[in-house]
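*Asks:* Have a look at this one.
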Amino acid sequence: MRRDLTNSILAIVVFTLVLGLAYPLLTTGVAQVLWPNKADGSQVERDGKVVGSRLIGQQFRGPRYFHSRPSATDYRANVTLFNNLGPNSRKLSDLFKKTLAAYLRRERPFNPGLRAADVPPDAVQTTASGVDPHISQANARIQARRVAEERGLPPGRVLQLVDDNTDFRALGVLGEPGVNVLELNLAVDRAAP
Amino acid sequence: MTAQGWLQIAIYLAVLTALTPLLGAYMARVYRGERVLLTPVLGPLEGVTYRLLRVNPHVQQDWKAYARTTLVFSALFFVVLYVILRTQGIHPFNPEGFHSGSWDVSFNTASSFISNTNWQYYGGETTLSYFSQMAGLSVQNFVSAAVGMAVLVAVIRGFASHGLAELGNFWQDLTRTLLYILLPLSFVAALVLVSQGVIQTLSGSVAYQTVQGFDQTLALGPAASQIAIKQLGTNGGGFFNVNSAFPFENATAFSNFVELLFILLIPAALTATFGRMVGNRRQGWALYAAMAVMLVATIALAYGAEQNGSPAQKDAEVATASADGTTGGNLEGKEQRFGIANSALWTAATTGASNGSVNSALDSYTGAGGAVPLVNMMTGEVIFGGVGSGLYGMLLFVLLAVFIAGLMVGRTPEYLGKKIEAREVKLTLIGTLYTALAVLATTALAIATKWGAPSIFNSGPQGFSETLYAYTSQGNNNGSAFAGYSGFVQPNAPGNVGAFGITFADLLGGVTMLFARFVPMFAALAVAGSLATKRVAPPGAGTFRTDTPTFVFLLIFVIVIVAALTFFPALLLGPIVQALTDQLF
């Protein structure tokens with residue numbers, strides 16, 4: 001028993017130093033040398049100022065930009081939580097109805113005859129992280145018509161930008177394709193300031 | 001469901017199955033003390049570790065000595081972790097200046113990490129300093145996993161022993177697990193994750209104005225090093241509150257694949273280690289097969305249910321069909337880059353294993369989809385299960401299955417040539433039924449008294465499901481959650497505000513996790529100690545074989561029956577009600 005105590009105390013000290021300090025600090029050192037930008041959160045700059053991270057969705061408003069997926073956290077990246085409303089929740093259904101109606105109001109003038117059934121669910125349902133950087137390709141194609149018209153760009157050009165800023169499946173098979181909203185909007189800003 | 005989705009699931013299972021015998025063989029060599037590729041580098045380090053710990057690795061321990069060392073070590077480490085969390089305010093690596101934790105939340109968190117549960121009644125990025133994450137939680141991610149694996153190896157030695165009572169040396173098994181298996185794999189995994197965009201930095205948070213001038217702040221930290229071991233050690237506690245749904249914790253579809261693989265890698269490979277150590281690889285594959293069949297069934301159920309969409313979604317006329325450019329399905333609480341297939345696959349895998357990390361919001365799963373993680377945990381975490389703990393839990397079910405088969409044909413039950421007698425069966429029943437009974441009792445207590453109410457978020461059956469989920473998860477050392485259920489109140493503001501505990505939930509959950517960890521562990525060690533001294537009878541014509549499809553079927557049947565008899569009424573009140581109705585609550 002006394003032996004166990006001595007061994008345990010020494011083990012706690014040794015393992016805490018090795019696993020709790022040496023390992024994470026060594027990993028940090030190597031990561032910072034190999035992939036400094038990624039290790040620091042893939043920050044994106046414009047005119048020398050940080051305006052976001054390519055991995056973190058942010059809020060876009062108004063007709064001139066592609067809009068991110070709805071967020072339950074106001075796109076906060078330092079206080080994260082789930083929406084957590086259950087599958088049979090009336091509150092959740094009401095939230096969906098509101099968001100769907102707003103989406104249709106915004107996009108229908110540019111997509112005549114757009115029905116609820118044409119709106120992909122990612123445009124209406126909140127994300128898990130609150131800061132999903134992507135929207136679906138179907139969602140982006142609907143919004144492309146609005147952005148093209150508002151910016152005076154040919155629709156084909158905007159659709160090309162959507163394609164250029166799509167993260168396709170990893171190794172051609174894993175995950176789902178997603179359009180990176182921040183990078184797409186920055187590209188649109190460059191094309192038609 | 002789409003062919004593309006099923007293809008991804010098939011690739012995942014194929015890679016996992018291919019790696020199982022490779023890593024399994026490597027671990028068997030490590031535990032036998034044979035030479036491996038890393039021995040020239042790690043051998044000397046191993047020797048240094050023994051000297052620093054002042055242990056003699058050649059001292060052999062019987063099951064009681066092994067259990068005592070495990071308990072003393074875990075208890076002391078519990079105290080250290082609790083103190084770290086309580087004194088966080090005075091530590092270095094605290095750029096946000098977070099306060100120390102409250103006593104009840106800290107108790108729950110310390111219990112959670114000592115028991116390899118990693119239940120989160122704390123918000124990582126809003127309450128914990130980098131020091132607490134590294135020196136407190138990361139260390140336990142390694143150590144609690146290594147303790148589970150060490151105990152498993154001792155249990156296997158008992159099953160394989162030819163009459164000797166000794167099961168090995170705890171310090172040797174622990175050190176070898178950490179040095180040869182967990183550290184190298186974690187280091188490589190952490191770097192792969194950083195290459196995908198998972199963060200690894202000591203800088204504080206970064207505040208800026210977005211493209212349209214809104215304020216946004218990036219919480220940063222040394223995440224990748226912790227996430228690697230969080231996945232490998234079936235821990236699951238996130239660096240961020242929303243766990244592997246957060247892009248800084250799981251950045252791309254590729255990082256998702258790697259993390260998913262690491263959830264099941266070691267628990268799966270340990271079946272092959274078992275086969276080698278008992279001298280019959282088919283015995284290992286039989287256990288792997290039973291686990292894999294149950295896993296695939298639950299993946300299919302979760303995928304189908306989530307693709308079908310939720311009643312709330314249908315009521316609001318939100319599209320559910322998959323079409324060109326969209327996955328369709330229930331995307332509430334799911335990330336676009338993972339879609340439906342990878343979210344469902346993760347959810348089945350993380351609860352089959354007692355990992356508990358999530359890449360989507362389980363509380364928003366459909367009734368049937370949300371039943372999948374619940375049912376996976378209710379089997380006692382033996383569908384791969386926790387590293388070490390999953391397999392020794394499974395071995396107890398094997399003994400139960402062998403016992404039932406023996407009753408049916410009227411022969412003395414045997415496993416690996418050893419007679420299973422009254423003492424082993426009694427201990428097996430304690431090990432297999434304890435967690436189930438504890439889950440029911442704690443859930444009932446939380447539902448029937450007013451103390452459980454402040455933790456519940458949703459109304460109607462979902463509120464019951466949240467409670468059932470919370471105690472099923474903590475009572476099986478899983479750690480995933482219907483996250484509406486809470487043990488702390490987080491003031492709705494970023495940064496340095498601390499959090500207030502909900503004492504009842506924190507204490508009941510903490511105690512539940514500790515007992516769920518150590519009762520089955522000691523039952524398994526006691527069974528192994530009892531089997532170790534028995535003589536091995538050669539197989540005869542009347543021996544009931546345990547490496548055949550018939551036995552795999554029987555084993556699955558026993559596991560399902562035990563879980564169903566215990567939990568069906570509780571499941572009816574929550575997820576099944578919701579799966580059967582389109583009504584909103």
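Residues are referred to by chain and number: the chain letter is A, B, ... according to the order shown in the structure tokens, the number counts from 1 in that chain, and ligands are numbered separately from 1 in the order shown.
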Within 12 Å of A:Glu45, counting only C-alpha atoms, which residues show up once you throw out same-chain ones fewer than 3 positions away? Write them as a list in words, please.
*Replies:*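 After dropping sequence-adjacent residues, the list is Asn37, Ser42, Gly48, Lys49, Val50, Val51, Gly52, Ser53, Arg54, Leu182, Glu183 and Leu186 of chain A; Tyr208, Gln209, Thr210 and Val211 of chain B.
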*Asks:* Convert the current residue selection to file output with C-alpha atoms, as a PDB file, in the first residue's frame.
*Replies:*
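Writing done, so here's result05.pdb:
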```pdb
ATOM      1  CA  ASN A  37      -1.291  29.701 -40.514  1.00  0.00           C
ATOM      2  CA  SER A  42      -6.505  29.806 -40.737  1.00  0.00           C
ATOM      3  CA  GLY A  48      -3.528  43.735 -44.067  1.00  0.00           C
ATOM      4  CA  LYS A  49      -6.327  43.377 -41.532  1.00  0.00           C
ATOM      5  CA  VAL A  50      -7.800  40.122 -40.218  1.00  0.00           C
ATOM      6  CA  VAL A  51     -11.423  39.811 -41.350  1.00  0.00           C
ATOM      7  CA  GLY A  52     -12.114  36.207 -40.406  1.00  0.00           C
ATOM      8  CA  SER A  53     -11.028  32.597 -40.585  1.00  0.00           C
ATOM      9  CA  ARG A  54     -11.651  30.438 -43.627  1.00  0.00           C
ATOM     10  CA  LEU A 182     -16.340  33.875 -46.634  1.00  0.00           C
ATOM     11  CA  GLU A 183     -13.956  33.076 -49.475  1.00  0.00           C
ATOM     12  CA  LEU A 186     -14.316  37.982 -50.801  1.00  0.00           C
TER      13      LEU A 186
ATOM     14  CA  TYR B 208     -11.552  41.454 -35.315  1.00  0.00           C
ATOM     15  CA  GLN B 209     -14.288  42.975 -37.442  1.00  0.00           C
ATOM     16  CA  THR B 210     -15.767  40.734 -40.126  1.00  0.00           C
ATOM     17  CA  VAL B 211     -16.125  41.633 -43.805  1.00  0.00           C
TER      18      VAL B 211
END
```
*Asks:* Which polymer residues have any atom within 12 Å of an atom of A:Glu150, counting only C-alpha atoms, with same-chain residues fewer than 5 positions away left out, as a ChimeraX atom specification?
*Replies:* /A:62-66,107,109-110,143-145,155,158,188-189,192-193
*Asks:* Could you turn the residues from that selection into a file that holds C-alpha atoms, as a tab-separated table (two decimals), in the first residue's frame?
*Replies:*
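File again_27.tsv, as written:
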```
chain	number	residue	atom	x	y	z
A	62	GLY	CA	-28.15	42.44	-47.22
A	63	PRO	CA	-28.70	41.60	-50.88
A	64	ARG	CA	-25.12	41.94	-52.12
A	65	TYR	CA	-23.62	38.94	-50.28
A	66	PHE	CA	-24.07	35.21	-50.06
A	107	GLU	CA	-34.50	34.95	-53.11
A	109	PRO	CA	-37.63	37.94	-56.79
A	110	PHE	CA	-34.48	36.61	-58.45
A	143	GLN	CA	-28.34	32.85	-54.02
A	144	ALA	CA	-26.03	33.30	-57.03
A	145	ARG	CA	-28.84	34.80	-59.11
A	155	PRO	CA	-24.83	34.87	-63.67
A	158	VAL	CA	-20.93	34.21	-60.27
A	188	VAL	CA	-17.27	38.45	-55.31
A	189	ASP	CA	-16.03	41.67	-53.70
A	192	ALA	CA	-17.33	43.67	-58.51
A	193	PRO	CA	-16.29	45.99	-55.66
```
*Asks:* Nearest to chain A: which of B:Glu306, B:Glu125, B:Glu466, B:Glu421 is it, counting only C-alpha atoms?
*Replies:*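 Counting only C-alpha atoms, the residue closest to chain A is B:Glu125.
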*Asks:* Could you tell me, as a VMD selection string, which residues of chain A DSSP assigns to alpha helix (DSSP H) when given the backbone?
*Replies:* chain A and resid 2 to 15 23 to 34 36 to 39 90 to 107 137 to 151 155 to 164 181 to 191
*Asks:* Considering only C-alpha atoms, can you say which of B:Gly542, B:Pro575, B:Leu396, B:Ser138 comes closest to B:Gly410?
*Replies:*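 Checking each candidate against B:Gly410, we get B:Gly542 as the closest.
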*Asks:* Considering only strand (DSSP E or B) as DSSP defines it on the backbone, what residues of stretch 7-193 of chain A qualify? List them as a ChimeraX atom specification.
*Replies:* /A:43-46,49-53,56,134-135,166-167,170,174,178-180
*Asks:* Selected residues, C-alpha atoms, written as a CSV table (one decimal), in the first residue's frame, please.
*Replies:*
```
chain,number,residue,atom,x,y,z
A,43,GLN,CA,-7.0,33.6,-40.4
A,44,VAL,CA,-7.9,35.5,-43.5
A,45,GLU,CA,-6.7,39.0,-44.1
A,46,ARG,CA,-7.9,41.8,-46.4
A,49,LYS,CA,-6.3,43.4,-41.5
A,50,VAL,CA,-7.8,40.1,-40.2
A,51,VAL,CA,-11.4,39.8,-41.4
A,52,GLY,CA,-12.1,36.2,-40.4
A,53,SER,CA,-11.0,32.6,-40.6
A,56,ILE,CA,-15.3,29.9,-39.3
A,134,HIS,CA,-20.1,26.2,-45.8
A,135,ILE,CA,-23.4,26.2,-47.5
A,166,THR,CA,-16.3,25.0,-53.3
A,167,ASP,CA,-14.5,22.5,-51.0
A,170,ALA,CA,-11.8,14.8,-49.6
A,174,LEU,CA,-15.2,11.6,-48.2
A,178,GLY,CA,-19.6,22.7,-49.4
A,179,VAL,CA,-19.2,26.3,-50.7
A,180,ASN,CA,-17.0,28.4,-48.5
```
